[in-house]
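Next comes structure01.txt, a file with compact mmCIF, C-alpha atoms.
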```
# COMPACT_ATOMS: atom_id res chain seq x y z
CA ARG A 1 39.49 0.54 18.27
CA VAL A 2 36.54 0.74 15.92
CA PRO A 3 35.59 4.40 15.60
CA PRO A 4 31.93 4.77 14.65
CA GLY A 5 31.73 6.71 11.44
CA GLY A 6 35.46 7.33 11.28
CA GLY A 7 38.74 5.52 11.67
CA GLY A 8 41.73 5.83 13.91
CA PRO A 9 44.75 3.65 14.47
CA VAL A 10 44.73 1.05 17.18
CA PRO A 11 48.11 0.69 18.95
CA PRO A 12 49.82 -2.48 17.70
CA GLY A 13 49.63 -5.45 19.98
CA VAL A 14 46.80 -4.05 22.11
CA VAL A 15 43.40 -5.74 22.24
CA PRO A 16 40.83 -2.92 22.13
CA ALA A 17 38.23 -4.85 24.10
CA ARG A 18 40.47 -4.78 27.12
CA GLN A 19 41.24 -1.05 26.97
CA ARG A 20 39.39 1.96 28.27
CA GLY A 21 36.37 3.19 26.34
CA MET A 22 36.92 4.81 22.99
CA PRO A 23 36.86 8.61 22.78
CA LYS A 24 33.61 10.06 21.59
CA ARG A 25 34.34 11.45 18.17
CA ASN A 26 32.09 13.03 15.63
CA ARG A 27 29.90 10.11 14.53
CA MET A 28 27.66 11.99 12.13
CA LEU A 29 27.70 10.88 8.52
CA LEU A 30 29.25 13.60 6.38
CA ALA A 31 29.09 13.00 2.68
CA ALA A 32 31.52 15.86 2.02
CA ALA A 33 34.16 14.16 4.14
CA GLY A 34 33.76 10.97 2.19
CA VAL A 35 33.16 9.03 5.38
CA ALA A 36 29.52 8.18 4.78
CA MET A 37 26.36 9.34 3.08
CA ALA A 38 23.81 11.50 4.85
CA ALA A 39 20.40 10.13 5.57
CA THR A 40 18.06 10.52 2.66
CA ALA A 41 14.32 11.08 2.60
CA ALA A 42 11.71 9.71 0.29
CA GLY A 43 10.73 12.55 -2.01
CA ALA A 44 7.11 11.65 -2.43
CA VAL A 45 4.39 13.67 -4.10
CA THR A 46 0.82 13.35 -3.01
CA MET A 47 -1.26 12.77 -6.12
CA ALA A 48 -4.72 14.20 -6.46
CA THR A 49 -7.42 13.65 -9.00
CA ALA A 50 -8.00 16.69 -11.17
CA ALA A 51 -11.43 18.04 -11.85
CA ASP A 52 -11.30 16.87 -15.45
CA ASP A 53 -10.89 13.28 -14.22
CA GLU A 54 -14.60 13.09 -13.46
CA PRO A 55 -17.04 11.75 -16.03
CA SER A 56 -18.65 14.39 -18.19
CA GLY A 57 -22.35 15.07 -17.97
CA PRO A 58 -24.76 15.22 -15.04
CA VAL A 59 -23.82 13.44 -11.83
CA ALA A 60 -26.34 11.40 -9.88
CA LYS A 61 -27.47 13.31 -6.78
CA PRO A 62 -30.02 12.63 -4.06
CA SER A 63 -33.43 14.05 -4.80
CA ALA A 64 -36.76 14.35 -3.09
CA THR A 65 -38.27 11.82 -5.48
CA PRO A 66 -37.99 8.12 -4.62
CA PRO A 67 -35.29 6.20 -6.49
CA PRO A 68 -36.54 4.09 -9.41
CA ALA A 69 -37.57 0.55 -8.55
CA TRP A 70 -34.98 -1.00 -10.87
CA SER A 71 -32.12 0.77 -9.05
CA LEU A 72 -33.33 -0.49 -5.67
CA ALA A 73 -33.64 -4.00 -7.07
CA ALA A 74 -30.11 -3.80 -8.48
CA GLY A 75 -28.82 -2.57 -5.13
CA ARG A 76 -30.49 -5.41 -3.23
CA ARG A 77 -28.94 -7.91 -5.64
CA LEU A 78 -25.52 -6.47 -4.86
CA THR A 79 -25.85 -6.29 -1.08
CA ASP A 80 -27.48 -9.73 -0.84
CA GLY A 81 -24.78 -11.31 -3.01
CA LEU A 82 -21.40 -12.78 -2.09
CA GLY A 83 -19.32 -10.13 -3.81
CA LEU A 84 -18.22 -9.19 -7.29
CA ARG A 85 -15.56 -10.19 -9.78
CA TYR A 86 -14.14 -7.43 -11.97
CA ALA A 87 -12.02 -7.77 -15.10
CA GLY A 88 -10.94 -5.13 -17.56
CA THR A 89 -8.40 -2.55 -18.60
CA LEU A 90 -6.65 0.20 -16.67
CA THR A 91 -5.02 2.89 -18.77
CA VAL A 92 -2.60 5.43 -17.30
CA ALA A 93 0.53 7.25 -18.49
CA GLY A 94 2.46 3.99 -18.49
CA GLY A 95 -0.01 2.40 -20.92
CA PRO A 96 -2.68 -0.28 -20.59
CA ALA A 97 -2.76 -2.91 -17.87
CA GLN A 98 -5.20 -5.73 -17.17
CA LEU A 99 -7.02 -5.54 -13.84
CA ARG A 100 -8.45 -8.64 -12.16
CA LEU A 101 -10.20 -8.07 -8.85
CA ARG A 102 -12.45 -10.02 -6.48
CA ILE A 103 -14.23 -7.94 -3.88
CA SER A 104 -16.54 -8.67 -0.94
CA PRO A 105 -19.79 -6.77 -0.33
CA GLU A 106 -18.06 -4.59 2.29
CA GLY A 107 -15.07 -3.80 0.06
CA SER A 108 -12.31 -6.23 1.05
CA ALA A 109 -10.56 -7.12 -2.19
CA SER A 110 -7.69 -9.04 -3.73
CA GLY A 111 -6.43 -8.90 -7.28
CA THR A 112 -3.68 -8.25 -9.81
CA LEU A 113 -2.62 -5.64 -12.33
CA THR A 114 -0.71 -7.07 -15.27
CA ALA A 115 1.15 -5.18 -17.98
CA GLY A 116 3.12 -7.49 -20.22
CA ALA A 117 5.53 -9.43 -18.01
CA ARG A 118 5.05 -7.03 -15.10
CA THR A 119 2.46 -7.92 -12.47
CA ALA A 120 1.43 -6.02 -9.36
CA LEU A 121 -0.49 -7.57 -6.47
CA LEU A 122 -3.40 -5.64 -4.95
CA ALA A 123 -4.99 -5.96 -1.52
CA THR A 124 -7.77 -3.80 -0.10
CA VAL A 125 -8.59 -4.03 3.59
CA ASP A 126 -10.30 -1.61 5.97
CA GLY A 127 -10.90 0.76 3.06
CA VAL A 128 -7.21 1.08 2.08
CA THR A 129 -5.63 -0.43 -1.02
CA TYR A 130 -2.04 -1.69 -0.96
CA ILE A 131 0.17 -2.69 -3.86
CA LYS A 132 3.24 -4.88 -4.25
CA ALA A 133 5.14 -4.45 -7.49
CA GLY A 134 8.61 -4.37 -8.98
CA LEU A 135 10.59 -1.25 -9.77
CA GLU A 136 9.70 -1.14 -13.45
CA PHE A 137 5.99 -1.26 -12.66
CA TRP A 138 6.34 1.65 -10.19
CA ARG A 139 8.27 3.69 -12.73
CA ALA A 140 5.71 3.10 -15.46
CA TYR A 141 2.43 3.37 -13.58
CA ALA A 142 3.02 5.39 -10.40
CA ALA A 143 3.57 8.72 -12.11
CA GLY A 144 4.61 11.54 -9.77
CA ILE A 145 6.18 9.29 -7.12
CA GLU A 146 9.81 10.20 -6.52
CA HIS A 147 12.25 7.48 -5.55
CA PRO A 148 10.07 4.55 -6.62
CA GLU A 149 12.94 2.30 -5.59
CA TYR A 150 11.97 3.01 -1.97
CA TYR A 151 8.64 1.27 -2.46
CA ALA A 152 9.32 -1.40 -5.07
CA GLY A 153 9.49 -5.00 -3.99
CA GLY A 154 7.41 -4.63 -0.83
CA TRP A 155 3.87 -3.73 0.12
CA ALA A 156 3.00 -0.04 -0.05
CA LYS A 157 -0.11 2.07 0.09
CA ALA A 158 -1.31 2.36 -3.49
CA PRO A 159 -1.02 5.80 -5.11
CA LEU A 160 -4.19 7.18 -6.69
CA ALA A 161 -3.00 6.34 -10.20
CA VAL A 162 -2.91 2.64 -9.36
CA PRO A 163 -5.52 1.25 -9.76
CA GLY A 164 -7.05 4.62 -10.60
CA VAL A 165 -10.03 4.52 -8.23
CA ASP A 166 -10.72 4.13 -4.55
CA VAL A 167 -11.47 0.40 -4.66
CA ALA A 168 -13.65 0.21 -1.56
CA LYS A 169 -15.50 3.46 -2.30
CA VAL A 170 -16.13 2.93 -6.02
CA LEU A 171 -16.19 -0.83 -6.61
CA SER A 172 -17.54 -2.53 -3.47
CA PRO A 173 -21.09 -3.88 -3.88
CA GLU A 174 -22.40 -1.94 -0.89
CA SER A 175 -20.96 1.33 -2.23
CA VAL A 176 -22.31 0.66 -5.71
CA ALA A 177 -25.75 0.00 -4.22
CA ARG A 178 -25.65 3.41 -2.52
CA MET A 179 -24.73 5.05 -5.83
CA LEU A 180 -27.56 3.30 -7.65
CA ALA A 181 -30.06 4.51 -5.03
CA LYS A 182 -29.34 8.04 -6.31
CA ALA A 183 -30.03 7.17 -9.95
CA SER A 184 -32.10 9.44 -12.12
CA PRO A 185 -35.61 8.20 -12.92
CA ASN A 186 -34.77 8.50 -16.61
CA PRO A 187 -31.09 7.64 -17.10
CA ARG A 188 -29.39 7.33 -20.45
CA THR A 189 -29.25 3.82 -21.90
CA GLU A 190 -26.79 2.04 -24.17
CA GLU A 191 -26.07 -1.51 -25.22
CA VAL A 192 -23.46 -3.53 -23.34
CA GLY A 193 -22.54 -6.68 -25.20
CA GLY A 194 -25.91 -6.55 -26.92
CA VAL A 195 -27.78 -6.07 -23.64
CA PRO A 196 -29.64 -2.77 -22.99
CA ALA A 197 -28.19 -1.06 -19.92
CA TYR A 198 -28.88 2.00 -17.80
CA VAL A 199 -25.91 4.36 -17.38
CA VAL A 200 -25.78 5.71 -13.83
CA ARG A 201 -23.34 8.57 -13.40
CA ALA A 202 -21.64 9.21 -10.07
CA ALA A 203 -18.81 11.50 -9.04
CA ASP A 204 -16.05 8.95 -9.62
CA ALA A 205 -17.42 6.46 -12.14
CA GLU A 206 -20.26 5.31 -14.36
CA TYR A 207 -22.20 2.16 -13.51
CA LEU A 208 -23.84 0.07 -16.23
CA VAL A 209 -26.94 -1.82 -15.06
CA ALA A 210 -29.04 -4.20 -17.12
CA VAL A 211 -32.44 -2.75 -18.03
CA ALA A 212 -34.11 -6.15 -17.75
CA ALA A 213 -34.69 -7.80 -14.40
CA PRO A 214 -32.90 -8.79 -12.26
CA HIS A 215 -30.98 -5.61 -13.20
CA ARG A 216 -27.48 -7.01 -12.83
CA LEU A 217 -24.45 -4.73 -12.63
CA LEU A 218 -22.71 -5.23 -15.97
CA GLY A 219 -19.70 -2.99 -15.60
CA VAL A 220 -17.97 0.11 -14.27
CA ARG A 221 -15.88 2.67 -16.11
CA THR A 222 -14.08 5.94 -15.48
CA SER A 223 -12.48 8.62 -17.61
CA GLY A 224 -9.76 11.24 -17.21
CA ARG A 225 -6.03 10.77 -16.71
CA THR A 226 -6.64 7.23 -15.49
CA THR A 227 -9.35 5.27 -17.25
CA LEU A 228 -10.97 2.00 -16.25
CA ALA A 229 -13.28 -0.19 -18.28
CA LEU A 230 -14.37 -3.15 -16.16
CA GLN A 231 -16.86 -5.92 -16.66
CA ALA A 232 -18.63 -7.12 -13.52
CA GLN A 233 -19.93 -10.54 -12.57
CA PRO A 234 -21.32 -11.92 -9.31
CA LEU A 235 -18.76 -13.73 -7.19
CA ALA A 236 -20.02 -17.28 -6.78
CA ASP A 237 -17.56 -18.38 -4.09
CA PRO A 238 -15.79 -15.84 -1.85
CA VAL A 239 -13.67 -18.43 0.01
CA PRO A 240 -10.68 -18.41 -2.39
CA MET A 241 -10.66 -14.61 -2.36
CA PHE A 242 -10.58 -14.42 1.44
CA LYS A 243 -7.83 -17.06 1.58
CA GLU A 244 -5.68 -15.12 -0.88
CA LEU A 245 -6.39 -11.77 0.77
CA ARG A 246 -5.63 -13.03 4.27
CA ALA A 247 -2.21 -14.26 3.15
CA ARG A 248 -1.47 -10.82 1.74
CA VAL A 249 -2.74 -8.91 4.75
CA LYS A 250 -0.44 -10.97 7.00
CA ARG A 251 2.51 -9.35 5.18
CA LEU A 252 1.28 -5.75 5.34
CA GLY A 253 3.04 -4.85 8.59
CA GLY A 254 5.39 -1.95 7.90
CA ALA A 255 3.90 -1.21 4.47
CA THR A 256 5.23 2.10 3.20
CA ASP A 257 3.22 5.20 2.30
CA PRO A 258 4.44 7.09 -0.81
CA THR A 259 2.12 10.02 -0.05
CA LEU A 260 4.18 11.07 2.99
CA HIS A 261 7.38 13.07 2.64
CA PHE A 262 9.89 13.55 5.45
CA THR A 263 12.92 15.80 5.84
CA PRO A 264 15.59 13.97 7.86
CA GLY A 265 18.01 15.48 10.34
CA LYS A 266 21.54 14.37 11.30
CA LEU A 267 22.18 10.68 11.52
CA THR A 268 24.04 9.58 14.66
CA PHE A 269 25.33 6.33 16.13
CA LYS A 270 24.58 5.05 19.63
CA ASN A 271 26.07 2.21 21.67
CA CYS A 272 28.39 1.03 18.93
CA ASP A 273 31.75 1.21 20.76
CA GLN A 274 33.19 -2.30 21.01
CA ASN A 275 29.64 -3.62 21.17
CA MET A 276 29.31 -7.18 19.89
CA ASN A 277 25.52 -7.03 20.23
CA GLY A 278 24.91 -4.37 17.62
CA CYS A 279 25.01 -0.72 16.62
CA THR A 280 22.07 1.69 16.85
CA VAL A 281 21.36 4.26 14.14
CA GLN A 282 19.23 7.29 15.09
CA VAL A 283 17.68 9.88 12.77
CA PRO A 284 15.26 12.74 13.61
CA ALA A 285 12.82 13.73 10.88
CA THR A 286 10.08 16.25 10.15
CA LEU A 287 6.93 15.57 8.17
CA SER A 288 6.91 18.04 5.30
CA THR A 289 3.89 16.79 3.35
CA TRP A 290 1.26 18.69 5.32
CA GLU A 291 0.97 21.95 7.17
CA GLY A 292 -0.54 22.27 10.62
CA THR A 293 -1.31 19.32 12.85
CA ALA A 294 -0.38 15.94 11.47
CA SER A 295 -2.94 13.19 11.05
CA PRO A 296 -3.02 10.93 14.12
CA ASP A 297 -2.36 8.01 11.77
CA ALA A 298 0.83 9.45 10.24
CA ARG A 299 3.87 7.24 10.79
CA ALA A 300 7.51 7.33 9.73
CA SER A 301 9.79 4.43 8.94
CA LEU A 302 13.60 4.28 9.07
CA ARG A 303 15.51 1.88 6.82
CA ALA A 304 19.25 1.84 7.57
CA SER A 305 22.32 -0.19 6.65
CA ILE A 306 25.91 -0.21 7.89
CA ASP A 307 29.01 -1.26 5.98
CA SER A 308 32.77 -1.13 6.39
CA GLU A 309 34.70 -0.25 3.25
CA GLY A 310 32.04 -1.88 1.11
CA ARG A 311 31.54 -4.90 3.34
CA PRO A 312 27.89 -5.14 4.47
CA LEU A 313 27.51 -5.31 8.24
CA GLY A 314 23.73 -5.49 8.39
CA THR A 315 20.46 -3.62 7.98
CA CYS A 316 17.71 -2.55 10.34
CA HIS A 317 14.24 -1.06 10.35
CA GLY A 318 12.39 1.05 12.86
CA SER A 319 9.18 3.07 12.87
CA ALA A 320 7.22 5.44 15.08
CA PRO A 321 4.13 7.68 14.96
CA VAL A 322 4.56 11.33 14.06
CA ARG A 323 4.00 13.74 16.94
CA ASP A 324 1.58 16.65 16.79
CA ASP A 325 4.43 19.02 15.89
CA ARG A 326 5.12 16.80 12.85
CA THR A 327 8.47 15.60 14.20
CA VAL A 328 9.65 12.10 15.00
CA THR A 329 12.88 10.51 16.17
CA LEU A 330 13.57 7.12 14.63
CA SER A 331 16.11 4.49 15.58
CA CYS A 332 16.98 0.92 14.77
CA THR A 333 19.79 -1.46 15.68
CA VAL A 334 21.97 -3.36 13.25
CA ALA A 335 22.77 -6.71 14.84
CA GLY A 336 23.43 -10.25 13.78
CA ARG A 337 26.22 -12.42 12.47
CA GLN A 338 27.68 -9.93 10.01
CA TRP A 339 28.13 -7.26 12.68
CA ARG A 340 29.43 -9.69 15.30
CA THR A 341 31.93 -11.29 12.94
CA TRP A 342 33.32 -7.94 11.88
CA MET A 343 33.48 -6.56 15.40
CA ARG A 344 35.16 -9.69 16.74
CA ALA A 345 37.80 -9.49 14.02
CA ALA A 346 38.35 -5.80 14.77
CA LEU A 347 38.78 -6.44 18.47
CA ASP A 348 41.13 -9.37 17.90
CA ASN A 349 43.23 -7.67 15.22
CA PRO A 350 44.25 -4.14 16.24
CA GLY A 351 44.27 -1.66 13.40
CA SER A 352 42.29 1.11 11.79
CA TYR A 353 38.66 0.31 11.06
CA ARG A 354 35.96 2.52 9.66
CA TYR A 355 32.26 1.95 9.29
CA GLN A 356 29.50 4.04 7.84
CA ALA A 357 25.73 4.04 7.55
CA THR A 358 23.16 5.07 5.00
CA ALA A 359 19.53 5.57 5.88
CA ARG A 360 16.26 6.78 4.47
CA VAL A 361 13.05 7.96 6.09
CA VAL A 362 9.76 7.13 4.38
CA GLY A 363 6.12 7.18 5.34
CA GLU A 364 4.62 4.08 6.91
CA ALA A 365 1.04 3.16 6.07
CA LEU A 366 0.51 0.39 8.58
CA ALA A 367 2.27 -0.56 11.80
CA ALA A 368 3.11 -4.21 12.28
CA ASP A 369 0.98 -4.31 15.44
CA ASP A 370 -2.12 -3.34 13.45
CA VAL A 371 -2.06 -6.42 11.23
CA ARG A 372 -3.56 -8.71 13.85
CA GLU A 373 -6.60 -6.45 14.20
CA LEU A 374 -7.07 -6.32 10.42
CA LEU A 375 -6.92 -10.11 10.21
CA ALA A 376 -9.54 -10.41 12.96
CA GLU A 377 -11.85 -8.03 11.10
CA LEU A 378 -11.29 -9.91 7.86
CA ASP A 379 -12.09 -13.25 9.50
CA ALA A 380 -15.25 -11.81 11.05
CA GLU A 381 -16.37 -10.53 7.65
CA ARG A 382 -15.72 -13.92 6.08
CA ARG A 383 -17.72 -15.75 8.77
CA GLU A 384 -20.64 -13.36 8.45
CA LEU A 385 -20.67 -13.77 4.68
CA ALA A 386 -20.52 -17.56 5.03
CA ARG A 387 -23.58 -17.49 7.31
CA ALA A 388 -25.44 -15.30 4.85
CA ALA A 389 -24.55 -17.65 2.01
CA ALA A 390 -25.66 -20.80 3.83
CA PRO A 391 -28.54 -22.34 1.87
CA THR A 392 -31.94 -22.33 3.49
CA PRO A 393 -34.42 -25.22 3.19
CA GLY A 394 -35.91 -25.23 -0.27
CA SER A 395 -33.33 -22.87 -1.77
CA SER A 396 -31.73 -23.86 -5.06
CA ALA A 397 -28.99 -21.31 -5.55
CA SER A 398 -26.88 -18.81 -3.67
CA PRO A 399 -27.62 -15.10 -4.05
CA GLY A 400 -24.32 -14.65 -5.82
CA GLY A 401 -25.14 -17.10 -8.62
CA THR A 402 -24.65 -16.02 -12.21
CA PRO A 403 -27.64 -16.39 -14.55
CA PRO A 404 -26.96 -18.41 -17.72
CA ASP A 405 -27.57 -15.43 -19.99
CA ALA A 406 -25.25 -13.05 -18.12
CA PRO A 407 -23.26 -10.90 -20.56
CA GLN A 408 -19.52 -11.50 -20.42
CA ALA A 409 -18.10 -8.17 -21.53
CA VAL A 410 -18.52 -4.43 -21.19
CA THR A 411 -18.36 -2.09 -24.13
CA SER A 412 -15.11 -0.20 -24.48
CA LYS A 413 -17.03 3.01 -25.06
CA THR A 414 -16.03 5.61 -22.47
CA PRO A 415 -18.08 8.57 -21.23
```
Let me see the structure of the file written as structure tokens.
Amino acid sequence: RVPPGGGGPVPPGVVPARQRGMPKRNRMLLAAAGVAMAATAAGAVTMATAADDEPSGPVAKPSATPPPAWSLAAGRRLTDGLGLRYAGTLTVAGGPAQLRLRISPEGSASGTLTAGARTALLATVDGVTYIKAGLEFWRAYAAGIEHPEYYAGGWAKAPLAVPGVDVAKVLSPESVARMLAKASPNPRTEEVGGVPAYVVRAADAEYLVAVAAPHRLLGVRTSGRTTLALQAQPLADPVPMFKELRARVKRLGGATDPTLHFTPGKLTFKNCDQNMNGCTVQVPATLSTWEGTASPDARASLRASIDSEGRPLGTCHGSAPVRDDRTVTLSCTVAGRQWRTWMRAALDNPGSYRYQATARVVGEALAADDVRELLAELDAERRELARAAAPTPGSSASPGGTPPDAPQAVTSKTP
């Protein structure tokens, strides 16, 4: 016999597969008994931006007076263009990192964060930014996230510290245009790479806009715990960006969410007795991040593995939405060659066999079924942008073209 979660002798010379069903024993994982480890939960902390993270000084607000003509012209340049290319420095507790980002007018973006030999991939789609990075990057730059090993190596919803701003809200051309429409008639000016620039303050960032027509966006910067100093240039060709982003979005199914924290219940086994087809692990869990009714988008993900005396028997993954009472029951089935080979040997060679499981419950940012819809939206955005960029008779340049005298850097001065 092959007791799930515990061992027991099999009578010599008897083939278990041809006997009566195995007695139902306690199949919970009890760490104290040394049989197996209890299910663990991802201890995540939801990060929030403190009040002192905002730029100092007055913030641009809507007023009864019309916005200045230069700000409207700058906004039209952004919304009529093909997107933006950002490059600059991100500084957080882990130190400086270089940010490279290409972003469409609506806020779809693809880029990288590089700190020495460590590089993180970024993807923003449908207003949400995801990150894929190694363990060392998570430890250095995702301050406040417990168990970074749960998120390293795969795609995960980006914590607020990385890249330090809401990419779609703060950096997309359409969002920047809305911010510029609230500019003061008499903003402060400074020089950016020798070019006079207006400084437009908003709640989350400062935007630097050339004083001279055509009033190009020169850069964006933030201050506080996480600082950004980015130079901005028009994106001349969005096709490579969409190609790169689409490849990343295709892999976002099951991306984890470090901002969600679950408390797991008892892990149990189902349908494992003499079953060559697999073994099901089941874990109930409760969302402990929020109080009251859970967000309708909240999801939980189970990652489990089974082994026998150190021999891996397989892994599995399952996910489900959180119910209104903040509870969820998750299950997944370990199957495949490793499990079949071990079970066949156990059935053919009577003896005492033990197996155990470890599992963790983490938040899930995106269900696998949602990826197809995101890809369709991304393709529609790309086609619409391609139509807008198509040259008209008599035109000589695309709206996203970069003028020869465009400045190439943004001052490192912070607000």
Please produce, as JSON lines, a per-residue contact table for segment 301-362 of chain A versus segment 147-154 of chain A (criterion: any atom at most 10 Å away, all atoms listed in the file considered), showing the nearest atom pair and its distance in Å to one decimal, sorted by chain then residue number.
```
{"residue": "A:Arg303", "atom": "CA", "partner": "A:Tyr150", "partner_atom": "CA", "distance": 9.5}
{"residue": "A:Arg360", "atom": "CA", "partner": "A:Tyr150", "partner_atom": "CA", "distance": 8.6}
{"residue": "A:Val361", "atom": "CA", "partner": "A:Tyr150", "partner_atom": "CA", "distance": 9.5}
{"residue": "A:Val362", "atom": "CA", "partner": "A:Tyr150", "partner_atom": "CA", "distance": 7.9}
```
Point to revise | Polymer residues at most 10 Å from Ala123 of chain A, all atoms listed in the file, same-chain spacing of 5 or more positions, as a PyMOL selection string | key: chain A and resi 101-103+108-112+128-132+155+157-158+167+244-249+252
Revision key, fill the gap. The residue from A:Phe262, A:Phe269, A:Phe242, A:Trp342 with the smallest atom-to-atom distance to Leu82 of chain A, counting only C-alpha atoms, is A:Phe242
Practice item. For the point (-6.9, 5.6, -12.5) in the file's frame, write as a PyMOL selection string all residues with an atom no more than 7 Å away, counting only C-alpha atoms. Key: chain A and resi 90+92+160-165+225-228
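Between atom CA of Leu122 of chain A and atom CA of Trp138 of chain A the separation is 13.2 Å.
The gap separating atom CA of Arg100 of chain A from atom CA of Leu378 of chain A is 20.3 Å, in Å to one decimal.
Here atom CA of Arg216 of chain A and atom CA of Arg76 of chain A stand 10.2 Å from one another.
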Exercise for review: Would you please work out which residue, of A:Ala117, A:Leu218, A:Ala368, A:Ala285, is nearest to Leu84 of chain A when using only C-alpha atoms?
Suggested key: A:Leu218
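Each of A:Pro296, A:Gly224, A:Gly318, A:Gly278 was checked against Ala359 of chain A using all atoms listed in the file; the smallest atom-to-atom distance is that of A:Gly318.
Compared by their closest atoms to Ala300 of chain A, and using all atoms listed in the file, the residues A:Pro68, A:Pro238, A:Gly254, A:Gly363 rank with A:Gly363 nearest.
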Check your understanding: A:Ala74, A:Val199, A:Val220, A:Val192: which is nearest Val170 of chain A, counting all atoms listed in the file?
Key -> A:Val220
For Ala97 of chain A, find every residue with an atom within 8 Å (counting only C-alpha atoms), except residues of its own chain fewer than 2 positions away, and show them as a short mmCIF file (atom, residue, chain, number, x, y, z; two decimals) with C-alpha atoms, in the coordinates of the input.
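Below is the file that was written, part_16.cif:
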```
data_model
loop_
_atom_site.label_atom_id
_atom_site.label_comp_id
_atom_site.auth_asym_id
_atom_site.auth_seq_id
_atom_site.Cartn_x
_atom_site.Cartn_y
_atom_site.Cartn_z
CA THR A 89 -8.40 -2.55 -18.60
CA LEU A 90 -6.65 0.20 -16.67
CA THR A 91 -5.02 2.89 -18.77
CA GLY A 95 -0.01 2.40 -20.92
CA LEU A 99 -7.02 -5.54 -13.84
CA LEU A 113 -2.62 -5.64 -12.33
CA THR A 114 -0.71 -7.07 -15.27
CA ALA A 115 1.15 -5.18 -17.98
CA GLY A 116 3.12 -7.49 -20.22
#
```
